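Dumped coords_17.txt below, it's compact mmCIF, C-alpha atoms:
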```txt
# COMPACT_ATOMS: atom_id res chain seq x y z
CA MET A 78 -28.24 7.37 -5.79
CA GLY A 79 -30.88 7.61 -3.07
CA VAL A 80 -30.35 4.04 -1.84
CA THR A 81 -31.28 3.22 1.75
CA GLN A 82 -30.87 0.08 3.82
CA GLU A 83 -34.50 -0.73 3.00
CA SER A 84 -33.92 -0.52 -0.77
CA THR A 85 -34.28 -3.62 -2.92
CA ILE A 86 -30.84 -4.42 -4.30
CA LEU A 87 -30.29 -7.01 -7.03
CA VAL A 88 -26.81 -8.41 -7.67
CA VAL A 89 -26.44 -10.26 -10.97
CA GLY A 90 -23.59 -12.76 -10.72
CA ALA A 91 -22.56 -15.05 -7.85
CA GLY A 92 -18.82 -14.92 -8.39
CA CYS A 93 -16.04 -12.97 -6.71
CA PHE A 94 -17.44 -9.45 -7.23
CA GLY A 95 -21.09 -10.33 -6.78
CA LEU A 96 -20.84 -12.39 -3.60
CA SER A 97 -18.36 -10.03 -1.95
CA THR A 98 -20.68 -7.11 -2.75
CA ALA A 99 -23.70 -8.93 -1.30
CA TYR A 100 -21.74 -9.89 1.80
CA HIS A 101 -20.62 -6.34 2.49
CA LEU A 102 -24.07 -4.91 1.80
CA LEU A 103 -25.65 -7.29 4.30
CA SER A 104 -22.85 -6.79 6.82
CA GLN A 105 -23.54 -3.06 6.72
CA GLY A 106 -27.23 -3.45 7.42
CA TYR A 107 -28.87 -3.60 3.99
CA LYS A 108 -31.91 -5.83 4.34
CA ASN A 109 -33.15 -6.70 0.85
CA VAL A 110 -30.29 -8.19 -1.15
CA THR A 111 -30.85 -10.85 -3.82
CA VAL A 112 -28.12 -12.51 -5.92
CA LEU A 113 -28.97 -14.12 -9.27
CA ASP A 114 -26.69 -16.40 -11.27
CA ARG A 115 -27.10 -18.04 -14.66
CA SER A 116 -25.70 -21.36 -13.41
CA PRO A 117 -28.06 -23.94 -11.82
CA GLU A 118 -25.02 -25.12 -9.85
CA LEU A 119 -23.04 -22.87 -7.52
CA PRO A 120 -20.22 -22.14 -7.58
CA ALA A 121 -20.71 -21.91 -11.35
CA PRO A 122 -18.46 -24.61 -12.87
CA ASP A 123 -17.06 -22.31 -15.57
CA ALA A 124 -16.57 -19.16 -13.50
CA ALA A 125 -13.01 -17.85 -13.20
CA SER A 126 -13.34 -18.00 -9.41
CA THR A 127 -14.26 -21.70 -9.47
CA ASP A 128 -10.79 -23.16 -9.24
CA ILE A 129 -8.57 -25.26 -7.03
CA ASN A 130 -6.34 -22.31 -6.10
CA LYS A 131 -5.52 -18.68 -6.75
CA ILE A 132 -2.42 -16.68 -5.86
CA VAL A 133 -2.73 -14.25 -2.98
CA ARG A 134 0.05 -11.67 -3.25
CA SER A 135 0.75 -8.11 -2.21
CA SER A 136 3.46 -7.72 -4.85
CA TYR A 137 2.17 -4.93 -7.09
CA ALA A 138 4.01 -2.15 -8.88
CA ASP A 139 0.92 -0.02 -8.19
CA ILE A 140 1.04 0.97 -4.51
CA TYR A 141 -2.77 1.22 -4.36
CA TYR A 142 -3.22 -2.49 -5.06
CA ALA A 143 -0.25 -3.41 -2.84
CA ARG A 144 -1.91 -1.70 0.13
CA LEU A 145 -5.33 -3.17 -0.65
CA ALA A 146 -3.83 -6.65 -1.02
CA ARG A 147 -2.30 -6.43 2.44
CA GLU A 148 -5.73 -5.53 3.80
CA ALA A 149 -7.17 -8.55 1.99
CA ILE A 150 -4.45 -10.87 3.32
CA ALA A 151 -5.19 -9.74 6.87
CA ALA A 152 -8.89 -10.43 6.25
CA TRP A 153 -8.17 -13.89 4.76
CA LYS A 154 -6.68 -14.86 8.13
CA ASP A 155 -10.06 -14.49 9.85
CA THR A 156 -10.78 -18.21 10.17
CA GLU A 157 -14.30 -17.56 11.46
CA VAL A 158 -15.19 -16.28 8.00
CA TRP A 159 -12.75 -18.14 5.76
CA GLY A 160 -11.76 -21.29 7.68
CA ASP A 161 -8.63 -22.76 6.12
CA THR A 162 -9.25 -21.24 2.67
CA TYR A 163 -6.02 -19.21 2.80
CA HIS A 164 -2.56 -20.81 2.98
CA GLU A 165 0.82 -19.20 3.55
CA TYR A 166 2.68 -22.44 4.22
CA GLY A 167 4.74 -20.83 6.97
CA VAL A 168 8.28 -20.69 5.62
CA SER A 169 7.22 -20.61 1.97
CA GLY A 170 5.17 -17.80 0.46
CA VAL A 171 5.42 -16.39 -3.06
CA TYR A 172 8.76 -16.50 -4.90
CA CYS A 173 9.27 -13.94 -7.67
CA PRO A 174 12.38 -14.06 -9.87
CA LEU A 175 14.05 -10.70 -10.45
CA GLN A 176 15.44 -9.96 -13.90
CA LEU A 177 17.64 -7.10 -14.99
CA GLY A 178 15.55 -4.32 -16.48
CA GLU A 179 12.20 -5.88 -15.49
CA ALA A 180 10.66 -2.73 -14.03
CA TYR A 181 7.37 -4.20 -12.78
CA THR A 182 8.99 -6.75 -10.46
CA ASP A 183 11.54 -4.25 -9.18
CA LYS A 184 8.79 -1.77 -8.29
CA ALA A 185 6.64 -4.49 -6.72
CA TYR A 186 9.60 -5.47 -4.55
CA GLU A 187 10.12 -1.85 -3.49
CA ASN A 188 6.44 -1.52 -2.55
CA ASP A 189 6.46 -4.74 -0.54
CA VAL A 190 9.48 -3.54 1.42
CA ALA A 191 8.01 -0.07 1.95
CA LEU A 192 4.76 -1.54 3.30
CA GLY A 193 6.54 -3.78 5.79
CA ALA A 194 5.93 -7.15 4.17
CA ARG A 195 8.05 -10.04 5.34
CA ILE A 196 10.43 -9.98 2.40
CA GLU A 197 13.58 -12.01 1.90
CA HIS A 198 15.85 -10.68 -0.84
CA LEU A 199 17.56 -13.51 -2.71
CA SER A 200 20.72 -12.06 -4.19
CA ASP A 201 22.38 -15.16 -5.65
CA PRO A 202 21.64 -18.67 -6.90
CA ASP A 203 22.38 -20.28 -3.54
CA SER A 204 19.86 -18.13 -1.69
CA VAL A 205 17.27 -18.81 -4.42
CA ARG A 206 17.89 -22.55 -4.10
CA ASN A 207 17.40 -22.44 -0.35
CA VAL A 208 13.74 -21.37 -0.59
CA PHE A 209 12.91 -24.74 -2.16
CA PRO A 210 12.98 -28.05 -0.26
CA PRO A 211 16.41 -29.77 -0.55
CA ASN A 212 14.90 -32.97 -2.01
CA VAL A 213 13.28 -31.11 -4.95
CA SER A 214 15.20 -30.70 -8.19
CA VAL A 215 15.05 -27.03 -9.25
CA ALA A 216 16.57 -25.39 -12.32
CA ILE A 217 18.50 -22.40 -10.97
CA PRO A 218 20.11 -20.12 -13.61
CA GLU A 219 23.66 -18.91 -12.97
CA ASN A 220 22.45 -15.32 -12.63
CA ALA A 221 19.39 -16.18 -10.55
CA ARG A 222 18.10 -13.67 -8.04
CA GLY A 223 14.67 -12.86 -6.72
CA TYR A 224 12.67 -12.35 -3.59
CA LEU A 225 10.35 -14.30 -1.33
CA ASN A 226 7.25 -12.66 0.09
CA ARG A 227 6.33 -14.61 3.20
CA ASP A 228 3.13 -12.62 3.59
CA GLY A 229 1.66 -14.20 0.47
CA GLY A 230 0.47 -17.63 -0.55
CA TRP A 231 -2.64 -19.07 -2.13
CA ALA A 232 -6.33 -19.53 -1.52
CA PHE A 233 -8.55 -22.52 -2.24
CA ALA A 234 -10.72 -20.55 -4.62
CA SER A 235 -13.88 -22.67 -4.82
CA GLN A 236 -13.93 -23.08 -1.06
CA GLY A 237 -13.75 -19.31 -0.61
CA ILE A 238 -16.76 -18.86 -2.90
CA ARG A 239 -18.73 -21.59 -1.11
CA ARG A 240 -18.03 -20.03 2.27
CA LEU A 241 -19.18 -16.64 1.02
CA ILE A 242 -22.39 -18.19 -0.35
CA ASP A 243 -23.05 -19.56 3.14
CA LYS A 244 -22.25 -16.21 4.79
CA VAL A 245 -24.56 -14.28 2.45
CA THR A 246 -27.38 -16.72 3.15
CA ALA A 247 -26.76 -16.65 6.91
CA LEU A 248 -26.99 -12.84 6.86
CA GLY A 249 -30.41 -12.99 5.23
CA GLY A 250 -29.46 -12.58 1.59
CA LYS A 251 -31.23 -14.56 -1.12
CA ILE A 252 -29.23 -16.46 -3.73
CA VAL A 253 -31.19 -17.70 -6.74
CA PRO A 254 -29.27 -19.99 -9.15
CA GLY A 255 -30.35 -20.89 -12.66
CA LYS A 256 -31.44 -17.37 -13.60
CA THR A 257 -29.93 -16.12 -16.86
CA VAL A 258 -30.62 -12.40 -17.15
CA VAL A 259 -31.48 -11.41 -20.72
CA GLU A 260 -32.81 -7.89 -20.30
CA LEU A 261 -32.39 -4.85 -18.10
CA LEU A 262 -35.86 -3.46 -17.39
CA LYS A 263 -36.16 0.30 -17.77
CA ASN A 264 -38.38 3.11 -16.60
CA GLY A 265 -37.31 5.79 -19.02
CA THR A 266 -33.51 5.71 -18.86
CA LYS A 267 -33.31 4.13 -15.38
CA THR A 268 -32.88 0.45 -14.66
CA VAL A 269 -35.68 -0.92 -12.46
CA GLY A 270 -34.93 -4.64 -12.53
CA VAL A 271 -34.22 -7.54 -14.87
CA ARG A 272 -36.01 -10.13 -16.94
CA CYS A 273 -34.61 -13.65 -17.04
CA LYS A 274 -34.54 -16.19 -19.86
CA ASP A 275 -37.31 -18.20 -18.21
CA GLY A 276 -39.56 -15.12 -18.19
CA SER A 277 -39.24 -14.36 -14.48
CA ILE A 278 -38.86 -10.72 -13.50
CA PHE A 279 -36.95 -9.28 -10.55
CA GLU A 280 -37.65 -5.65 -9.72
CA ALA A 281 -35.01 -3.61 -7.90
CA ASP A 282 -34.20 -0.10 -6.74
CA LEU A 283 -30.57 -0.80 -7.60
CA THR A 284 -29.05 -3.41 -9.92
CA VAL A 285 -25.39 -4.44 -9.66
CA LEU A 286 -23.89 -6.19 -12.70
CA ALA A 287 -21.16 -8.57 -11.59
CA VAL A 288 -21.19 -11.14 -14.40
CA GLY A 289 -17.46 -11.29 -15.06
CA SER A 290 -16.30 -12.31 -18.52
CA TRP A 291 -19.91 -12.42 -19.75
CA THR A 292 -20.37 -8.67 -19.10
CA ALA A 293 -20.02 -7.51 -22.71
CA SER A 294 -21.66 -10.50 -24.40
CA ALA A 295 -24.64 -10.75 -22.04
CA PHE A 296 -25.42 -7.04 -22.33
CA PRO A 297 -24.27 -5.96 -25.81
CA GLU A 298 -26.55 -2.91 -25.66
CA LEU A 299 -24.18 -1.42 -23.06
CA SER A 300 -21.29 -1.43 -25.58
CA LEU A 301 -18.71 -2.62 -23.05
CA GLN A 302 -16.63 -4.79 -25.36
CA ALA A 303 -13.65 -2.41 -25.05
CA GLN A 304 -13.84 -1.94 -21.28
CA CYS A 305 -14.69 -5.60 -20.51
CA LEU A 306 -12.85 -7.82 -22.97
CA ALA A 307 -13.31 -11.55 -22.33
CA THR A 308 -9.95 -13.31 -22.69
CA GLY A 309 -9.25 -16.99 -22.14
CA GLN A 310 -6.08 -17.59 -20.16
CA THR A 311 -4.31 -20.93 -20.47
CA VAL A 312 -4.13 -23.33 -17.53
CA ALA A 313 -2.72 -26.86 -17.27
CA MET A 314 -2.45 -29.43 -14.48
CA ILE A 315 -0.19 -32.35 -13.66
CA GLN A 316 -0.98 -35.29 -11.37
CA LEU A 317 1.81 -36.25 -8.98
CA THR A 318 2.26 -39.48 -7.08
CA GLN A 319 1.94 -39.34 -3.29
CA GLU A 320 5.74 -39.43 -2.95
CA GLU A 321 6.14 -36.59 -5.43
CA GLY A 322 3.37 -34.61 -3.76
CA ASP A 323 5.04 -34.92 -0.37
CA ARG A 324 8.34 -33.65 -1.82
CA PHE A 325 6.89 -30.67 -3.69
CA ARG A 326 4.19 -29.70 -1.19
CA HIS A 327 6.28 -27.13 0.67
CA CYS A 328 7.59 -25.36 -2.39
CA PRO A 329 6.64 -21.68 -2.65
CA VAL A 330 4.16 -20.36 -5.16
CA PHE A 331 6.23 -19.47 -8.23
CA LEU A 332 5.38 -16.23 -10.03
CA ASN A 333 7.45 -14.85 -12.89
CA PHE A 334 6.19 -11.38 -13.86
CA ALA A 335 8.54 -11.29 -16.86
CA THR A 336 7.00 -14.34 -18.59
CA GLY A 337 3.59 -14.46 -16.93
CA PHE A 338 4.20 -18.08 -15.89
CA TYR A 339 3.05 -19.08 -12.43
CA MET A 340 2.43 -22.32 -10.58
CA PHE A 341 1.40 -23.69 -7.22
CA PRO A 342 2.60 -26.42 -4.90
CA PRO A 343 0.49 -29.58 -5.15
CA ASN A 344 -2.92 -29.58 -3.48
CA ASN A 345 -4.21 -32.30 -1.16
CA GLU A 346 -4.93 -34.49 -4.17
CA ASN A 347 -1.35 -33.99 -5.44
CA VAL A 348 -2.45 -31.94 -8.43
CA VAL A 349 -0.10 -29.16 -9.58
CA LYS A 350 -1.72 -26.26 -11.40
CA MET A 351 0.22 -23.88 -13.63
CA ALA A 352 -0.77 -21.12 -16.03
CA ILE A 353 0.40 -18.15 -18.08
CA HIS A 354 -0.92 -14.66 -17.41
CA ASP A 355 -0.70 -12.82 -20.72
CA GLY A 356 -2.89 -11.35 -23.43
CA GLY A 357 -4.78 -14.61 -23.68
CA TYR A 358 -7.29 -15.57 -26.36
CA THR A 359 -10.58 -14.15 -27.56
CA GLN A 360 -13.58 -15.85 -29.16
CA THR A 361 -15.30 -13.13 -31.15
CA LEU A 362 -18.92 -13.88 -31.95
CA ARG A 363 -21.64 -11.81 -33.56
CA ASP A 364 -24.60 -11.05 -31.32
CA THR A 365 -27.72 -11.98 -33.27
CA ASN A 366 -29.85 -9.16 -31.87
CA SER A 367 -27.48 -6.20 -31.91
CA GLY A 368 -25.16 -7.33 -34.71
CA LYS A 369 -22.17 -6.37 -32.54
CA PHE A 370 -19.04 -8.52 -32.45
CA VAL A 371 -18.12 -9.40 -28.88
CA SER A 372 -15.57 -11.77 -27.34
CA THR A 373 -17.57 -14.50 -25.62
CA PRO A 374 -16.28 -17.22 -23.24
CA ARG A 375 -15.88 -20.74 -24.60
CA THR A 376 -16.35 -23.02 -21.57
CA THR A 377 -17.54 -26.43 -20.45
CA VAL A 378 -21.07 -25.02 -20.16
CA SER A 379 -21.20 -23.81 -23.76
CA HIS A 380 -19.01 -26.52 -25.35
CA GLY A 381 -18.85 -29.46 -22.93
CA SER A 382 -15.41 -31.03 -22.54
CA GLU A 383 -14.35 -29.22 -25.73
CA GLY A 384 -14.38 -26.04 -23.63
CA LEU A 385 -11.33 -27.29 -21.71
CA ARG A 386 -9.03 -27.36 -24.73
CA ILE A 387 -6.31 -24.71 -25.02
CA PRO A 388 -4.15 -23.86 -28.05
CA LYS A 389 -1.32 -26.28 -28.75
CA ALA A 390 1.18 -23.42 -28.85
CA ALA A 391 0.14 -22.34 -25.35
CA LEU A 392 0.49 -25.88 -24.04
CA ARG A 393 4.04 -26.08 -25.44
CA LYS A 394 4.84 -22.72 -23.83
CA ILE A 395 3.59 -23.90 -20.44
CA ARG A 396 5.71 -27.05 -20.62
CA SER A 397 8.76 -25.05 -21.67
CA GLU A 398 8.30 -22.65 -18.74
CA LEU A 399 7.79 -25.57 -16.35
CA ALA A 400 11.05 -27.15 -17.54
CA GLN A 401 12.88 -23.97 -16.54
CA VAL A 402 11.66 -24.36 -12.97
CA TYR A 403 11.14 -28.07 -12.28
CA PRO A 404 12.73 -30.20 -15.06
CA GLU A 405 11.48 -33.37 -13.39
CA LEU A 406 7.83 -32.33 -13.60
CA ALA A 407 8.14 -31.15 -17.20
CA LYS A 408 8.56 -34.80 -18.22
CA LYS A 409 5.14 -35.76 -16.89
CA PRO A 410 1.89 -35.71 -18.91
CA PHE A 411 -0.72 -33.05 -18.34
CA VAL A 412 -3.97 -34.48 -16.98
CA THR A 413 -6.19 -31.58 -18.00
CA THR A 414 -6.20 -28.06 -19.37
CA ARG A 415 -8.58 -25.12 -19.08
CA LEU A 416 -9.29 -21.71 -20.50
CA CYS A 417 -9.87 -19.47 -17.49
CA TRP A 418 -11.84 -16.48 -18.75
CA TYR A 419 -10.72 -13.06 -17.52
CA THR A 420 -12.63 -9.81 -17.91
CA ASP A 421 -9.91 -7.41 -19.03
CA SER A 422 -10.07 -3.65 -18.93
CA PRO A 423 -7.49 -1.81 -21.06
CA ASP A 424 -5.56 -0.55 -18.02
CA GLU A 425 -6.25 -3.59 -15.77
CA ASN A 426 -8.12 -1.45 -13.25
CA TRP A 427 -11.56 -2.74 -12.29
CA LEU A 428 -14.92 -1.26 -13.26
CA ILE A 429 -16.68 -0.26 -10.05
CA GLY A 430 -19.31 2.44 -10.10
CA CYS A 431 -22.52 3.70 -11.64
CA HIS A 432 -23.34 3.79 -15.31
CA PRO A 433 -22.74 7.44 -16.27
CA ASP A 434 -26.32 7.80 -17.55
CA ASP A 435 -28.11 5.49 -15.10
CA GLN A 436 -27.55 5.84 -11.36
CA ASN A 437 -29.68 2.73 -10.75
CA LEU A 438 -27.14 0.52 -12.54
CA VAL A 439 -23.80 -0.26 -10.88
CA PHE A 440 -20.90 -2.20 -12.37
CA ALA A 441 -18.64 -4.52 -10.39
CA THR A 442 -16.50 -6.28 -12.94
CA ALA A 443 -13.34 -6.26 -15.11
CA GLY A 444 -11.24 -8.22 -12.64
CA SER A 445 -8.45 -8.34 -15.26
CA GLY A 446 -6.97 -11.50 -13.78
CA HIS A 447 -6.18 -10.07 -10.36
CA ALA A 448 -9.44 -9.73 -8.43
CA PHE A 449 -9.87 -13.00 -6.54
CA LYS A 450 -7.17 -12.31 -3.96
CA PHE A 451 -9.28 -9.31 -2.92
CA LEU A 452 -12.42 -11.42 -2.33
CA PRO A 453 -12.65 -10.45 1.37
CA VAL A 454 -12.54 -6.69 0.65
CA ILE A 455 -13.51 -5.98 -2.96
CA GLY A 456 -17.22 -5.83 -2.15
CA ARG A 457 -16.51 -3.05 0.34
CA LEU A 458 -15.34 -0.91 -2.57
CA VAL A 459 -18.58 -1.58 -4.42
CA VAL A 460 -20.65 -0.61 -1.38
CA ASP A 461 -18.57 2.56 -0.98
CA ALA A 462 -19.27 3.37 -4.64
CA ILE A 463 -23.00 2.80 -4.10
CA GLU A 464 -22.95 5.12 -1.09
CA GLY A 465 -20.80 7.74 -2.79
CA LYS A 466 -17.99 7.24 -0.28
CA LEU A 467 -15.12 6.29 -2.60
CA PRO A 468 -12.29 8.84 -2.47
CA ALA A 469 -12.21 10.89 -5.66
CA ASP A 470 -8.97 9.32 -6.91
CA VAL A 471 -10.29 5.79 -6.35
CA ALA A 472 -13.65 6.58 -7.97
CA SER A 473 -11.89 7.94 -11.04
CA ARG A 474 -9.58 4.90 -11.17
CA PHE A 475 -12.57 2.57 -11.41
CA ALA A 476 -15.03 4.79 -13.30
CA VAL A 477 -16.86 3.12 -16.18
CA ASP A 478 -16.27 6.08 -18.51
CA ARG A 479 -12.70 6.86 -17.44
CA PRO A 480 -10.07 7.78 -20.05
CA TYR A 481 -7.27 5.30 -20.55
CA ALA A 482 -3.61 6.25 -20.49
CA THR A 483 -1.80 5.55 -23.75
CA LYS A 484 1.77 5.19 -24.89
CA ASP A 485 2.31 6.22 -28.50
CA GLY A 486 -1.43 5.91 -28.98
CA VAL A 487 -1.55 2.29 -27.76
CA ILE A 488 -3.11 1.24 -24.46
CA GLU A 489 -0.67 -1.03 -22.70
CA PRO A 490 -1.36 -3.00 -19.50
CA GLU A 491 1.67 -3.14 -17.22
CA ILE A 492 2.56 -6.83 -17.31
CA ARG A 493 0.89 -8.22 -20.43
CA TYR A 494 3.56 -8.61 -23.08
CA HIS A 495 1.40 -9.81 -25.95
CA PRO A 496 -2.00 -8.71 -27.24
CA PRO A 497 -4.82 -11.26 -27.17
CA GLU A 498 -5.08 -13.70 -30.07
CA GLU A 499 -8.26 -15.04 -31.62
CA LEU A 500 -8.98 -18.70 -30.82
CA VAL A 501 -8.71 -21.05 -33.77
CA VAL A 502 -10.55 -24.29 -33.03
CA GLU A 503 -8.34 -26.31 -35.39
CA GLN A 504 -5.30 -25.27 -33.33
CA LEU A 505 -6.63 -26.43 -29.97
CA CYS A 506 -4.88 -29.32 -28.23
CA GLU A 507 -5.94 -32.94 -28.58
CA PRO A 508 -5.53 -35.65 -25.90
CA ASP A 509 -2.24 -36.80 -27.44
CA ASP A 510 -0.83 -33.30 -27.01
CA LEU A 511 -1.05 -33.64 -23.24
CA ILE A 512 1.54 -36.39 -23.32
CA LEU A 513 5.20 -35.41 -23.47
CA VAL A 514 6.79 -36.02 -26.86
CA PRO A 515 10.34 -37.41 -26.37
CA GLY A 516 12.94 -34.73 -26.98
CA SER A 517 10.44 -31.86 -26.77
CA VAL A 518 11.83 -30.50 -23.48
```

Whole structure, structure tokens version:
Amino acid sequence: MGVTQESTILVVGAGCFGLSTAYHLLSQGYKNVTVLDRSPELPAPDAASTDINKIVRSSYADIYYARLAREAIAAWKDTEVWGDTYHEYGVSGVYCPLQLGEAYTDKAYENDVALGARIEHLSDPDSVRNVFPPNVSVAIPENARGYLNRDGGWAFASQGIRRLIDKVTALGGKIVPGKTVVELLKNGTKTVGVRCKDGSIFEADLTVLAVGSWTASAFPELSLQAQCLATGQTVAMIQLTQEEGDRFRHCPVFLNFATGFYMFPPNNENVVKMAIHDGGYTQTLRDTNSGKFVSTPRTTVSHGSEGLRIPKAALRKIRSELAQVYPELAKKPFVTTRLCWYTDSPDENWLIGCHPDDQNLVFATAGSGHAFKFLPVIGRLVVDAIEGKLPADVASRFAVDRPYATKDGVIEPEIRYHPPEELVVEQLCEPDDLILVPGSV
């Protein structure tokens, strides 16, 4: 690529991928690093990484991610960089139910054990019950079993992003908010910078695109709608009283790979967040310039408070899943919902590397719902890609033009059990839907 530490490097996107990349570039001696973001406010209010919490787990069926996650967890514990962003809650951790024939969870458990994680196998309902505080009512099935990973927990997502913004600035990087990139500037076939909506131009020797779920819609000319599908994942929150918060605070993170349902203990404001990791929802819009149809995020920035609404069916599913864990909480109203927009690749591996026809353009995207936990280390991978130092097997895993494995001709991510559905505005929840209907649980 011919990049040196004196090269001008432009990172488009101040989220997980972009900030981590800038941080690692600067930490390794690169001197001219600028980060642009479309949002006037940072962290961007509708970015996937702007959130009250994210799961940090090493439990992966893919040993590559399990190893990398353990590296990230070790890095999260560096309080000089991250402060108290990361939480393990001592005796808690991440609880994963095990179900007969659920291959992903079984393999994740095997990998955690093989890598030396602090794992407690829970072989019966009594041992499952004991990982929850005794004064919390928990629904424990008769055949319940699972495991507790004490090396996992959660991170205060927005705080992690804010700390990285400060670190990038302290290292001499420039962060420029309110810059919506509308064009990649070219010299022949090579990218030489960007033009923004306000007419400003930023020239660069190397441009890194790290714009998350806007990747395909912001740059339709790159034809990335298959590799970078924007999907809205459903999130809901419940407000607890102080007494309830104190009782539930030391519960483990709950993560059910079989259903995609996961939830956190209450935060300091006694808010409990829960969500479903699945195929999610698309909003397919026609780009006026290219005529291409691309899934485009529907957020609070594009639609105001309307951007928070999730489908009614998804809200019912979340409440049903909650009732199977904490029946007491399932009787409470939801205080808010959100569509958290993922950038999904067909195989759930990230896109990290050069455009095959343009060595001046690097991609750092397609988090596929599992990138944030790697915030401390994911930028190192991008820098290694820029420098041509990625091992061949890792480079091919993340290559933009990689082939995708298929089963009977269909590309199937490991733990998504349903394909994405198209959003139908008329089916989105109304305020009354957030309140429990008697007899519905």

Give me, as a ChimeraX atom specification, all polymer residues having an atom no more than 12 Å from Leu406 of chain A, counting only C-alpha atoms and skipping those fewer than 3 positions away in the same chain. /A:213-216,314-318,321-322,324-325,340,342-343,348-351,395-403,409-411,513,518

Pairwise distance for atom CA of Ala281 of chain A and atom CA of Val460 of chain A, rounded to one decimal in Å: 16.1 Å

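Put simply, atom CA of Tyr141 of chain A is 20.6 Å away from atom CA of His101 of chain A.
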
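Among the candidate residues A:Ala125, A:Leu467, A:Leu113, A:Ile387, the one lying nearest to Trp418 of chain A is A:Ala125, with distances computed using only C-alpha atoms.
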
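Computed from the coordinates, the atom CA of Asp243 of chain A to atom CA of Leu119 of chain A distance equals 11.2 Å.
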
Return as a tab-separated table the residues of segment 427-459 of chain A lying at most 12 Å from segment 224-231 of chain A, together with the closest atom-to-atom pair for each and the distance in Å to one decimal, counting only C-alpha atoms, with rows in chain order and ascending residue number.
```
residue	atom	partner	partner_atom	distance
A:Phe449	CA	A:Trp231	CA	10.4
A:Lys450	CA	A:Trp231	CA	8.3
A:Phe451	CA	A:Trp231	CA	11.8
```

Could those residues be written to a file, using C-alpha atoms, as a compact mmCIF listing (two decimals), in the frame of the given file?
```txt
# COMPACT_ATOMS: atom_id res chain seq x y z
CA PHE A 449 -9.87 -13.00 -6.54
CA LYS A 450 -7.17 -12.31 -3.96
CA PHE A 451 -9.28 -9.31 -2.92
```

Residues near Arg272 of chain A, anyone? I mean within 10 Å using only C-alpha atoms, not counting same-chain ones fewer than 6 positions away, as a PyMOL selection string. chain A and resi 256-262+278-280

Excluding same-chain residues fewer than 2 positions from Gly446 of chain A, what lies within 7 Å of it counting only C-alpha atoms, as a count of residues only? 3

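When only C-alpha atoms are used to compute distances to Val459 of chain A, the closest of the residues A:Leu332, A:Ala482, A:Ala138, A:Leu96 turns out to be A:Leu96.
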
Residues of segment 235-284 of chain A that have any atom at most 6 Å from an atom of segment 80-91 of chain A: could you tabulate them with the shortest-distance atom pair and the distance in Å to one decimal, using all atoms listed in the file, ordered by chain and increasing number, as JSON lines?
```
{"residue": "A:Ala281", "atom": "CA", "partner": "A:Thr85", "partner_atom": "CA", "distance": 5.0}
{"residue": "A:Asp282", "atom": "CA", "partner": "A:Thr85", "partner_atom": "CA", "distance": 5.2}
{"residue": "A:Leu283", "atom": "CA", "partner": "A:Ile86", "partner_atom": "CA", "distance": 4.9}
{"residue": "A:Thr284", "atom": "CA", "partner": "A:Leu87", "partner_atom": "CA", "distance": 4.8}
```

Report as an NGL selection string all protein, DNA and RNA residues lying within 12 Å of Ile196 of chain A, evaluated on all atoms listed in the file, omitting residues in the same chain fewer than 3 positions from it. :A and (134-136 or 168-173 or 185-193 or 199 or 223-229)

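Residue nearest Lys267 of chain A, chosen from A:His198, A:His495, A:His432, A:Lys389 and counting only C-alpha atoms: A:His432.
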
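Between Lys184 of chain A and the residues A:Leu299, A:Leu452, A:Leu102, A:Ile140, the shortest atom-to-atom distance, using all atoms listed in the file, involves A:Ile140.
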
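Using only C-alpha atoms, every residue with an atom at most 9 Å from the point (-19.3, -18.2, -32.2) is listed here: Gln360, Thr361, Leu362, Arg363, Asp364, Ser372, Thr373 and Arg375 of chain A.
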
Centre, x/y/z edge lengths, axis-aligned box for segment 232-249 of chain A with 8 Å per side, as lines of an AutoDock Vina configuration file:
```
center_x = -18.4
center_y = -18.0
center_z = 1.0
size_x = 40.1
size_y = 26.2
size_z = 27.7
```
